[in-house]
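Note sheet for the following structure.
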Amino acid sequence: MAITRTENPIWTQAGATTLAYKGVVDEMKRYEPARWQATAKGRQDVGELHLDAPEPPKQTFDKSPFILKDDSREVRFYYLGWAHTRATALSICRKRKCSAPAMPWSTGLITSRRTPTSATGPPVVRKAQKFDVQHLLPGHGGPSGKEVLEGQYQYMALLHKAVDDAVKQGKKLTDIVDTGSTKMVYGNQVPATTSITLPEKVKNWVDLSLQRT
């Protein structure tokens with residue numbers, strides 16, 4: 001299985017084998033256990049695990065696609081490049097034509113109802129669109145169709161353009177984000193609001209820190 005880092009120990013204790021692209025381990029070495037410990041202070045579910053660090057995957061793969069199959073179905077795991085993290089990957093269920101983010105720690109790549117946590121994701125989303133999928137299970141949000149991929153791509157493209165336009169207009173960082181108003185995200189203080197506005201058509205991916213036009 002390949003699930004979120006918070007749920008990993010729950011499933012492995014039940015006998016499951018967590019699977020991830022090898023880059024997940026590299027990312028954990030890069031940021032953990034500091035980020036995990038900071039998150040545990042603000043999230044009850046993480047704190048109740050009573051762990052000093054997240055549990056690493058029990059199995060990793062380094063070739064794309066990595067294939068698991070039996071007599072009834074086939075699941076392929078793809079690494080498509082740096083997106084939400086350096087380790088983001090997708091799984092494709094061939095028998096039932098379903099697609100879902102497959103890596104612990106990288107479910108922010110594809111979402112259907114919240115801001116994607118990926119600055120480098122658009123090229124990877126375009127690659128994901130080339131797969132012939134009928135159903136998609138996002139990392140955040142309910143089951144949906146492949147139209148979610150285009151919606152999320154448009155959100156990220158419009159956000160990048162809005163920021164680029166602001167820079168070309170001579171605006172400074174303090175003109176774009178309110179550095180005096182912050183919120184805690186995974187143990188880091190980040191700006192809570194911004195003057196950037198985005199069209200209504202991407203409202204599913206705009207959180208409260210962004211404005212819609």
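Quick note on naming: the chains in the structure tokens go A, B, ... in the order shown, residues restart at 1 in each chain, and ligands are numbered from 1 in order of appearance.
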
Strand (DSSP E or B) residues, from DSSP on the backbone, in chain A, as a count of residues only: 44

Considering only C-alpha atoms, return as a tab-separated table (two decimals) with N, CA and C atoms, in the first residue's frame whatever protein or nucleic-acid residues lie within 9 Å of region 59-73 of chain A, sequence-local ones (same chain, fewer than 3 positions apart) excluded.
```
chain	number	residue	atom	x	y	z
A	17	THR	N	2.05	-3.44	3.65
A	17	THR	CA	3.38	-3.02	3.22
A	17	THR	C	3.26	-1.68	2.50
A	18	THR	N	3.84	-0.65	3.06
A	18	THR	CA	3.77	0.67	2.43
A	18	THR	C	4.81	0.76	1.33
A	19	LEU	N	4.42	1.38	0.21
A	19	LEU	CA	5.26	1.45	-0.98
A	19	LEU	C	5.42	2.90	-1.41
A	20	ALA	N	6.64	3.27	-1.80
A	20	ALA	CA	6.88	4.65	-2.22
A	20	ALA	C	8.04	4.70	-3.21
A	21	TYR	N	8.05	5.76	-4.01
A	21	TYR	CA	9.21	6.03	-4.84
A	21	TYR	C	10.40	6.31	-3.95
A	22	LYS	N	11.59	5.94	-4.38
A	22	LYS	CA	12.79	6.05	-3.54
A	22	LYS	C	13.03	7.48	-3.05
A	23	GLY	N	12.55	8.46	-3.81
A	23	GLY	CA	12.74	9.85	-3.43
A	23	GLY	C	12.06	10.22	-2.13
A	24	VAL	N	11.03	9.45	-1.72
A	24	VAL	CA	10.36	9.72	-0.46
A	24	VAL	C	11.34	9.59	0.70
A	25	VAL	N	12.16	8.56	0.67
A	25	VAL	CA	13.15	8.36	1.73
A	25	VAL	C	14.15	9.51	1.74
A	56	PRO	N	9.13	5.47	7.71
A	56	PRO	CA	9.49	5.40	6.29
A	56	PRO	C	8.75	4.26	5.60
A	76	ARG	N	0.08	0.19	-11.84
A	76	ARG	CA	1.37	0.72	-12.25
A	76	ARG	C	1.67	2.02	-11.51
A	77	PHE	N	2.86	2.12	-10.98
A	77	PHE	CA	3.30	3.31	-10.26
A	77	PHE	C	4.28	4.08	-11.14
A	78	TYR	N	3.99	5.36	-11.35
A	78	TYR	CA	4.81	6.19	-12.22
A	78	TYR	C	5.44	7.34	-11.45
A	79	TYR	N	6.71	7.59	-11.74
A	79	TYR	CA	7.35	8.82	-11.29
A	79	TYR	C	7.44	9.73	-12.50
A	80	LEU	N	6.79	10.89	-12.43
A	80	LEU	CA	6.69	11.78	-13.58
A	80	LEU	C	7.53	13.05	-13.44
A	93	CYS	N	-4.53	2.12	-11.98
A	93	CYS	CA	-5.15	0.80	-11.89
A	93	CYS	C	-5.66	0.44	-13.28
A	94	ARG	N	-5.01	-0.49	-13.96
A	94	ARG	CA	-5.33	-0.81	-15.35
A	94	ARG	C	-6.66	-1.53	-15.50
A	95	LYS	N	-6.99	-2.40	-14.58
A	95	LYS	CA	-8.21	-3.20	-14.74
A	95	LYS	C	-9.46	-2.33	-14.67
A	96	ARG	N	-9.48	-1.40	-13.72
A	96	ARG	CA	-10.68	-0.60	-13.52
A	96	ARG	C	-10.51	0.85	-13.96
```

Straight-line distance linking CA of Thr194 (chain A) with CA of Tyr155 (chain A), stated in Å to one decimal: 15.6 Å

d(CA of Ala157 (chain A), CA of Arg113 (chain A)) in Å: 16.7 Å

Exercise: region 44-55 of chain A partners within 12 Å, only C-alpha atoms, chain neighbours under 4 positions left out, as a PyMOL selection string: chain A and resi 3-13+17-20+24-25+27-29+31-40+59+104-105+186

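Of the residues listed (A:Pro57, A:Leu159, A:Gly81, A:Ile92), A:Gly81 shows the shortest atom-to-atom separation from Lys127 (chain A); distances use only C-alpha atoms.
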
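Interatomic distance, CA of Ile110 (chain A) against CA of Gly139 (chain A): 5.8 Å.
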
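Those residues that approach Ser112 (chain A) to within 8 Å, counting only C-alpha atoms, are Ile110, Arg114, Pro138, His140, Gly141, Gly142, Ser144, Val148, Gln152, Asn204 and Trp205 of chain A; same-chain residues fewer than 2 positions away are not listed.
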
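Among the candidates A:Tyr153, A:His160, A:Asp132, A:Lys146, the one nearest to Leu109 (chain A) when counting only C-alpha atoms is A:Tyr153.
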
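Checking A:Arg30, A:Lys58, A:Ile196, A:Lys183 one by one against Lys171 (chain A), counting only C-alpha atoms, you find the shortest gap at A:Ile196.
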
Test item, alpha helix (DSSP H) assignment across region 15-199 of chain A, answer as JSON, numbers by chain: {"A": [23, 24, 25, 26, 27, 28, 29, 30, 31, 34, 35, 36, 37, 38, 39, 40, 41, 42, 44, 45, 46, 47, 122, 123, 124, 125, 126, 127, 128, 147, 148, 149, 150, 151, 152, 153, 154, 155, 156, 157, 158, 159, 160, 161, 162, 163, 164, 165, 166, 167, 168, 173, 174, 175, 176]}

Of the listed residues A:Met184, A:Leu149, A:Ala16, A:Ile176, that which approaches Arg126 (chain A) most closely, counting only C-alpha atoms: A:Leu149
